[in-house]
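Okay, so here's the structure we're looking at.
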Amino acid sequence: MEGIVEGCLGFLYGLLMVICVGLLLLRVAEGRSVRWLALLVVSGVMLSCWVHSSVLKVGLMSVLCSVIHYVGREEVMLSTLDKAVLITGCDSGFGHDLARFLDSAGMRVFAGVLNELSPGALKLKKAASPNLTVLQLDITNSSQITQAYQYIKSQTGKAGLWALVNNAGVLGYVCDGEIQPIKMYKRHVDVNFIGSVEITQVFLPLIRQSKGRIISISSLAGEVPLPGFAGYGASKAAMIAYNGAIRQELYRWGVRVIIIQPGAFKTSEN
Ligand SMILES: NC(=O)c1ccc[n+]([C@@H]2O[C@H](COP(=O)([O-])OP(=O)(O)OC[C@H]3O[C@@H](n4cnc5c(N)ncnc54)[C@H](OP(=O)(O)O)[C@@H]3O)[C@@H](O)[C@H]2O)c1
């Protein structure tokens with residue numbers, strides 16, 4: 001009986017080692033955790049040579065794995081140092097919250113707002129650190145886009161822009177496609193599609209410079225046709241198609257293109 005328990009514990013110890021080494025190897029492949037892997041391997045060899053009780057080996061190895069997991073978890077987080085991000089539509093909702101979050105995480109944040117005197121924009125200015133700049137940026141206004149580009153270029157220098165978050169969007173009201181005014185269809189296309197395309201085109205040189213990323217907030221409605229969302233869904237579908245194409249075109253430049261398609265969220269301000 002004792003032999004069986006000892007055998008099981010020996011097996012458990014081996015399994016624990018294989019899993020931990022495997023997980024750390026995955027992180028090492030991403031350029032992280034080399035020292036933790038070295039520590040684990042050295043400790044494993046020492047335990048195997050000097051400790052004969054399987055219970056003690058499993059116990060010590062479990063403690064070591066927990067410590068490595070706890071102390072090394074910070075490495076899983078991307079470093080925010082010297083990274084600049086532009087987010088559009090920060091007056092409210094996702095954009096506003098994301099700007100505050102990335103600011104608190106230590107990023108250089110350029111928060112584009114539709115109206116720099118809106119309550120959301122003023123709140124952002126008040127609550128943020130000096131690393132966050134609120135910029136007047138209506139994404140349907142070419143001259144405001146150019147001004148924002150010139151300013152961000154002068155601030156980021158050689159590092160370029162690490163990320164552009166195309167968040168600004170309009171939903172308007174939910175109604176049958178038959179009665180939705182053409183004016184609203186045009187607004188959907190102008191803001192949700194053309195505006196984000198123009199921003200992307202203008203800022204691409206800065207993003208390419210840093211081998212950065214373009215993140216666009218589309219919608220579930222752009223993938224699945226939903227009653228009441230004809231115009232909105234169509235504009236978000238256009239966004240998905242556009243980003244799908246440029247994702248492949250920009251891959252060779254080291255620029256990543258990411259689409260996020262949220263379902264329905266009650267964001268902070270709506
Ligand atoms: N919340 C959801 O459930 C959900 C689901 C799927 C997708 N999304 C998408 O996620 C993004 C953020 O949505 P949200 O829920 O956070 O809504 P939100 O609070 O209305 O945020 C959108 C922001 O974009 C701004 N904006 C509108 N037109 C603009 C323009 N021409 N230039 C610059 N900014 C402009 C809006 O300003 P004003 O408020 O002053 O108009 C608003 O601050 C949108 O693209 C939306 O379509 C949201």
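So you can find residues: chains in the structure tokens are A, B, ... in the order shown, residues in each start at 1, and ligands are numbered from 1 in order.
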
(request) Could the residues that lie within 6 Å of ligand 1, counting only C-alpha atoms and all ligand atoms, be listed as a ChimeraX atom specification? (result) /A:88-95,113-114,137-140,167-170,191,217-219,262-267,269-270

With N, CA and C atoms retained, export the selected residues as a CSV table (one decimal), in the first residue's frame.
```
chain,number,residue,atom,x,y,z
A,88,THR,N,-10.7,57.3,-29.9
A,88,THR,CA,-11.7,58.2,-30.3
A,88,THR,C,-13.0,58.1,-29.5
A,89,GLY,N,-13.7,59.1,-29.4
A,89,GLY,CA,-15.1,59.0,-28.8
A,89,GLY,C,-15.0,58.8,-27.3
A,90,CYS,N,-14.1,59.7,-26.6
A,90,CYS,CA,-13.9,59.5,-25.2
A,90,CYS,C,-14.8,60.3,-24.3
A,91,ASP,N,-15.8,61.0,-24.9
A,91,ASP,CA,-16.7,61.8,-24.1
A,91,ASP,C,-17.5,60.9,-23.1
A,92,SER,N,-17.8,59.7,-23.6
A,92,SER,CA,-18.6,58.8,-22.7
A,92,SER,C,-18.3,57.3,-23.0
A,93,GLY,N,-18.9,56.5,-22.2
A,93,GLY,CA,-18.9,55.0,-22.5
A,93,GLY,C,-17.6,54.3,-22.5
A,94,PHE,N,-17.5,53.4,-23.4
A,94,PHE,CA,-16.3,52.5,-23.5
A,94,PHE,C,-15.0,53.4,-23.6
A,95,GLY,N,-15.1,54.4,-24.5
A,95,GLY,CA,-13.9,55.2,-24.8
A,95,GLY,C,-13.4,55.9,-23.6
A,113,VAL,N,-12.2,63.6,-28.3
A,113,VAL,CA,-13.6,63.8,-27.8
A,113,VAL,C,-14.3,64.6,-28.9
A,114,LEU,N,-15.6,64.3,-29.0
A,114,LEU,CA,-16.4,65.0,-30.0
A,114,LEU,C,-16.6,66.5,-29.6
A,137,LEU,N,-11.6,66.1,-31.3
A,137,LEU,CA,-11.5,65.3,-32.5
A,137,LEU,C,-12.8,64.7,-32.9
A,138,ASP,N,-13.5,65.5,-33.8
A,138,ASP,CA,-14.7,64.9,-34.5
A,138,ASP,C,-14.1,64.1,-35.7
A,139,ILE,N,-14.4,62.8,-35.7
A,139,ILE,CA,-13.8,62.0,-36.7
A,139,ILE,C,-14.4,62.2,-38.1
A,140,THR,N,-15.5,63.0,-38.2
A,140,THR,CA,-16.0,63.4,-39.5
A,140,THR,C,-15.4,64.7,-40.0
A,167,ASN,N,-13.1,53.9,-31.6
A,167,ASN,CA,-14.2,53.6,-30.7
A,167,ASN,C,-15.4,54.5,-31.0
A,168,ALA,N,-15.2,55.7,-31.4
A,168,ALA,CA,-16.3,56.6,-31.7
A,168,ALA,C,-17.4,56.0,-32.5
A,169,GLY,N,-18.6,56.2,-32.2
A,169,GLY,CA,-19.7,55.6,-33.0
A,169,GLY,C,-21.0,56.2,-32.6
A,170,VAL,N,-22.0,56.0,-33.5
A,170,VAL,CA,-23.3,56.5,-33.2
A,170,VAL,C,-24.3,55.3,-33.5
A,191,VAL,N,-19.9,58.4,-39.6
A,191,VAL,CA,-19.2,58.2,-38.3
A,191,VAL,C,-18.6,56.8,-38.2
A,217,ILE,N,-13.8,49.2,-32.7
A,217,ILE,CA,-15.0,48.6,-32.0
A,217,ILE,C,-16.1,48.6,-33.0
A,218,SER,N,-16.4,47.4,-33.5
A,218,SER,CA,-17.5,47.2,-34.4
A,218,SER,C,-18.7,46.8,-33.5
A,219,SER,N,-19.5,45.8,-33.9
A,219,SER,CA,-20.6,45.4,-33.1
A,219,SER,C,-21.1,44.0,-33.5
A,262,PRO,N,-18.7,43.9,-29.6
A,262,PRO,CA,-19.4,43.7,-28.3
A,262,PRO,C,-20.9,43.4,-28.6
A,263,GLY,N,-21.5,42.8,-27.7
A,263,GLY,CA,-23.0,42.6,-27.7
A,263,GLY,C,-23.6,43.8,-27.2
A,264,ALA,N,-24.6,43.7,-26.3
A,264,ALA,CA,-25.2,44.9,-25.7
A,264,ALA,C,-24.7,45.1,-24.3
A,265,PHE,N,-24.1,46.3,-24.1
A,265,PHE,CA,-23.6,46.7,-22.8
A,265,PHE,C,-24.2,48.1,-22.4
A,266,LYS,N,-24.5,48.1,-21.1
A,266,LYS,CA,-24.9,49.4,-20.6
A,266,LYS,C,-23.6,50.1,-20.2
A,267,THR,N,-23.1,51.0,-21.0
A,267,THR,CA,-21.9,51.7,-20.7
A,267,THR,C,-22.1,52.8,-19.7
A,269,GLU,N,-22.2,55.9,-19.3
A,269,GLU,CA,-22.9,57.2,-19.5
A,269,GLU,C,-24.3,57.0,-20.2
A,270,ASN,N,-24.6,55.8,-20.7
A,270,ASN,CA,-25.8,55.7,-21.4
A,270,ASN,C,-26.8,54.7,-20.8
```

(message) At a cut-off of 12 Å, using only C-alpha atoms, what residues contact Leu12 in chain A? Leave out same-chain residues fewer than 5 positions from it and give the result as a list in words.
(response) Val5, Glu6, Gly7, Met17, Val18, Ile19, Ser54, Val55, Leu56, Lys57, Val58, Gly59, Met61 and Ser62 of chain A

(message) Ranking A:Val255, A:Leu86, A:Ala99, A:Cys20 by minimum distance to Ala121 in chain A and counting only C-alpha atoms, which one comes first?
(response) A:Ala99

Members of range 77-229 of chain A assigned strand (DSSP E or B) by DSSP, as a CSV table (one decimal) with all heavy atoms, in the first residue's frame:
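Saved result, out08.csv, follows:
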```csv
chain,number,residue,atom,x,y,z
A,84,ALA,N,2.1,54.9,-26.6
A,84,ALA,CA,1.1,55.9,-26.7
A,84,ALA,C,-0.1,55.4,-27.5
A,84,ALA,O,0.1,54.6,-28.4
A,84,ALA,CB,1.7,57.1,-27.5
A,85,VAL,N,-1.3,55.8,-27.0
A,85,VAL,CA,-2.5,55.3,-27.7
A,85,VAL,C,-3.5,56.4,-27.9
A,85,VAL,O,-3.6,57.4,-27.1
A,85,VAL,CB,-3.1,54.2,-26.8
A,85,VAL,CG1,-3.4,54.6,-25.4
A,85,VAL,CG2,-4.4,53.6,-27.4
A,86,LEU,N,-4.1,56.4,-29.1
A,86,LEU,CA,-5.2,57.4,-29.4
A,86,LEU,C,-6.5,56.6,-29.4
A,86,LEU,O,-6.7,55.6,-30.0
A,86,LEU,CB,-4.9,58.0,-30.8
A,86,LEU,CG,-6.1,58.7,-31.4
A,86,LEU,CD1,-6.5,60.0,-30.5
A,86,LEU,CD2,-5.8,59.2,-32.8
A,87,ILE,N,-7.4,57.2,-28.6
A,87,ILE,CA,-8.8,56.6,-28.5
A,87,ILE,C,-9.8,57.6,-29.0
A,87,ILE,O,-9.7,58.8,-28.5
A,87,ILE,CB,-9.1,56.2,-27.1
A,87,ILE,CG1,-8.0,55.3,-26.4
A,87,ILE,CG2,-10.5,55.4,-27.0
A,87,ILE,CD1,-8.1,55.3,-24.9
A,108,ARG,N,0.7,56.6,-22.3
A,108,ARG,CA,0.5,58.0,-22.8
A,108,ARG,C,-0.8,57.9,-23.6
A,108,ARG,O,-0.9,57.3,-24.6
A,108,ARG,CB,1.7,58.3,-23.7
A,108,ARG,CG,1.6,59.7,-24.3
A,108,ARG,CD,2.1,60.8,-23.3
A,108,ARG,NE,2.1,62.1,-23.9
A,108,ARG,CZ,1.1,63.0,-23.8
A,108,ARG,NH1,0.0,62.6,-23.2
A,108,ARG,NH2,1.2,64.2,-24.4
A,109,VAL,N,-1.8,58.6,-23.1
A,109,VAL,CA,-3.2,58.5,-23.7
A,109,VAL,C,-3.6,59.8,-24.4
A,109,VAL,O,-3.5,60.9,-23.8
A,109,VAL,CB,-4.3,58.1,-22.7
A,109,VAL,CG1,-5.6,58.0,-23.3
A,109,VAL,CG2,-3.9,56.8,-22.0
A,110,PHE,N,-3.9,59.7,-25.7
A,110,PHE,CA,-4.5,60.8,-26.4
A,110,PHE,C,-6.0,60.5,-26.5
A,110,PHE,O,-6.4,59.5,-27.2
A,110,PHE,CB,-3.9,61.0,-27.7
A,110,PHE,CG,-2.4,61.4,-27.6
A,110,PHE,CD1,-1.5,60.4,-27.8
A,110,PHE,CD2,-2.0,62.6,-27.3
A,110,PHE,CE1,-0.1,60.7,-27.7
A,110,PHE,CE2,-0.7,62.9,-27.2
A,110,PHE,CZ,0.3,61.9,-27.4
A,111,ALA,N,-6.8,61.2,-25.8
A,111,ALA,CA,-8.3,60.9,-25.7
A,111,ALA,C,-9.0,61.9,-26.6
A,111,ALA,O,-9.2,63.1,-26.3
A,111,ALA,CB,-8.8,61.0,-24.3
A,112,GLY,N,-9.4,61.4,-27.8
A,112,GLY,CA,-10.2,62.2,-28.7
A,112,GLY,C,-11.6,62.4,-28.2
A,112,GLY,O,-12.3,61.4,-27.8
A,113,VAL,N,-12.2,63.6,-28.3
A,113,VAL,CA,-13.6,63.8,-27.8
A,113,VAL,C,-14.3,64.6,-28.9
A,113,VAL,O,-13.7,65.4,-29.6
A,113,VAL,CB,-13.7,64.6,-26.5
A,113,VAL,CG1,-13.2,63.7,-25.3
A,113,VAL,CG2,-12.9,65.9,-26.5
A,132,LEU,N,-2.3,62.0,-19.8
A,132,LEU,CA,-3.5,61.9,-20.7
A,132,LEU,C,-3.8,63.3,-21.2
A,132,LEU,O,-3.9,64.3,-20.5
A,132,LEU,CB,-4.7,61.4,-19.9
A,132,LEU,CG,-6.0,61.2,-20.7
A,132,LEU,CD1,-6.8,60.0,-20.2
A,132,LEU,CD2,-6.9,62.4,-20.7
A,133,THR,N,-4.0,63.4,-22.6
A,133,THR,CA,-4.3,64.6,-23.2
A,133,THR,C,-5.7,64.5,-23.9
A,133,THR,O,-5.9,63.5,-24.6
A,133,THR,CB,-3.3,65.0,-24.3
A,133,THR,OG1,-2.0,64.9,-23.7
A,133,THR,CG2,-3.5,66.4,-24.9
A,134,VAL,N,-6.6,65.4,-23.6
A,134,VAL,CA,-7.9,65.4,-24.2
A,134,VAL,C,-7.8,66.2,-25.5
A,134,VAL,O,-7.3,67.4,-25.5
A,134,VAL,CB,-9.0,66.0,-23.3
A,134,VAL,CG1,-10.3,66.1,-24.0
A,134,VAL,CG2,-9.1,65.1,-22.0
A,135,LEU,N,-8.2,65.6,-26.6
A,135,LEU,CA,-8.1,66.3,-27.9
A,135,LEU,C,-9.4,66.5,-28.5
A,135,LEU,O,-10.2,65.5,-28.6
A,135,LEU,CB,-7.2,65.5,-28.9
A,135,LEU,CG,-5.7,65.3,-28.6
A,135,LEU,CD1,-5.1,64.4,-29.6
A,135,LEU,CD2,-5.0,66.7,-28.6
A,136,GLN,N,-9.7,67.7,-29.0
A,136,GLN,CA,-10.9,67.9,-29.8
A,136,GLN,C,-10.8,67.1,-31.1
A,136,GLN,O,-9.9,67.4,-31.9
A,136,GLN,CB,-11.1,69.4,-30.1
A,136,GLN,CG,-12.2,69.8,-31.0
A,136,GLN,CD,-13.6,69.3,-30.5
A,136,GLN,OE1,-13.9,69.5,-29.3
A,136,GLN,NE2,-14.3,68.7,-31.4
A,163,ALA,N,-0.9,52.4,-30.5
A,163,ALA,CA,-2.3,51.9,-30.8
A,163,ALA,C,-3.3,53.0,-31.2
A,163,ALA,O,-3.2,54.1,-30.6
A,163,ALA,CB,-2.8,51.1,-29.7
A,164,LEU,N,-4.1,52.7,-32.1
A,164,LEU,CA,-5.3,53.5,-32.4
A,164,LEU,C,-6.5,52.7,-32.0
A,164,LEU,O,-6.7,51.6,-32.5
A,164,LEU,CB,-5.3,53.9,-33.9
A,164,LEU,CG,-6.6,54.4,-34.4
A,164,LEU,CD1,-7.0,55.8,-33.8
A,164,LEU,CD2,-6.6,54.5,-36.0
A,165,VAL,N,-7.4,53.3,-31.2
A,165,VAL,CA,-8.6,52.6,-30.9
A,165,VAL,C,-9.8,53.4,-31.5
A,165,VAL,O,-10.1,54.5,-31.1
A,165,VAL,CB,-8.9,52.5,-29.4
A,165,VAL,CG1,-10.2,51.7,-29.1
A,165,VAL,CG2,-7.7,51.8,-28.7
A,166,ASN,N,-10.3,52.8,-32.6
A,166,ASN,CA,-11.5,53.4,-33.3
A,166,ASN,C,-12.7,53.1,-32.5
A,166,ASN,O,-13.3,52.0,-32.7
A,166,ASN,CB,-11.6,52.9,-34.7
A,166,ASN,CG,-10.6,53.5,-35.6
A,166,ASN,OD1,-10.4,54.7,-35.7
A,166,ASN,ND2,-9.9,52.7,-36.4
A,213,ARG,N,-0.8,48.7,-33.5
A,213,ARG,CA,-2.0,48.0,-33.8
A,213,ARG,C,-3.2,49.0,-33.9
A,213,ARG,O,-3.2,50.1,-33.4
A,213,ARG,CB,-2.3,47.0,-32.6
A,213,ARG,CG,-2.5,47.7,-31.3
A,213,ARG,CD,-2.0,46.8,-30.2
A,213,ARG,NE,-0.6,46.4,-30.4
A,213,ARG,CZ,-0.1,45.2,-29.9
A,213,ARG,NH1,-0.9,44.5,-29.2
A,213,ARG,NH2,1.1,44.9,-30.1
A,214,ILE,N,-4.2,48.5,-34.7
A,214,ILE,CA,-5.4,49.3,-34.9
A,214,ILE,C,-6.5,48.5,-34.3
A,214,ILE,O,-6.7,47.3,-34.7
A,214,ILE,CB,-5.6,49.6,-36.4
A,214,ILE,CG1,-4.5,50.4,-37.0
A,214,ILE,CG2,-7.0,50.2,-36.6
A,214,ILE,CD1,-4.4,50.2,-38.5
A,215,ILE,N,-7.2,49.0,-33.4
A,215,ILE,CA,-8.3,48.3,-32.7
A,215,ILE,C,-9.6,49.0,-33.0
A,215,ILE,O,-9.8,50.2,-32.7
A,215,ILE,CB,-8.1,48.2,-31.2
A,215,ILE,CG1,-6.8,47.5,-30.9
A,215,ILE,CG2,-9.2,47.5,-30.5
A,215,ILE,CD1,-5.9,48.2,-29.9
A,216,SER,N,-10.5,48.3,-33.7
A,216,SER,CA,-11.8,49.0,-34.0
A,216,SER,C,-13.0,48.3,-33.3
A,216,SER,O,-13.1,47.1,-33.3
A,216,SER,CB,-12.0,48.9,-35.5
A,216,SER,OG,-11.0,49.7,-36.2
A,217,ILE,N,-13.8,49.2,-32.7
A,217,ILE,CA,-15.0,48.6,-32.0
A,217,ILE,C,-16.1,48.6,-33.0
A,217,ILE,O,-16.8,49.6,-33.3
A,217,ILE,CB,-15.4,49.5,-30.8
A,217,ILE,CG1,-14.2,50.0,-30.0
A,217,ILE,CG2,-16.4,48.8,-29.9
A,217,ILE,CD1,-13.4,48.9,-29.3
```

(request) Can you work out the spacing between CA of Val21 in chain A and CA of Ile4 in chain A in Å, to one decimal? (result)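 Calculated distance between CA of Val21 in chain A and CA of Ile4 in chain A is 25.6 Å.
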
(request) Go through A:Glu249, A:Glu198, A:Asp103, A:Glu178 one by one, measure the shortest atom-to-atom distance of each to Ala230 in chain A using only C-alpha atoms, and give the residue with the smallest value. (result) A:Glu178

(message) So, with only C-alpha atoms as the atoms that count, which of A:Ser129, A:Glu116, A:Ser48, A:Cys65 lies closest to Leu16 in chain A?
(response)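 That would be A:Cys65, the residue with the smallest distance to Leu16 in chain A.
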
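Computed from the coordinates, the CA of Glu2 in chain A to CA of Ser43 in chain A distance equals 25.9 Å.
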
(request) Would you please extract all helix (DSSP H, G or I) residues from range 75-175 of chain A, as assigned by DSSP on the backbone, and give them as a PyMOL selection string? (result) chain A and resi 75-76+93-104+119-127+142-159
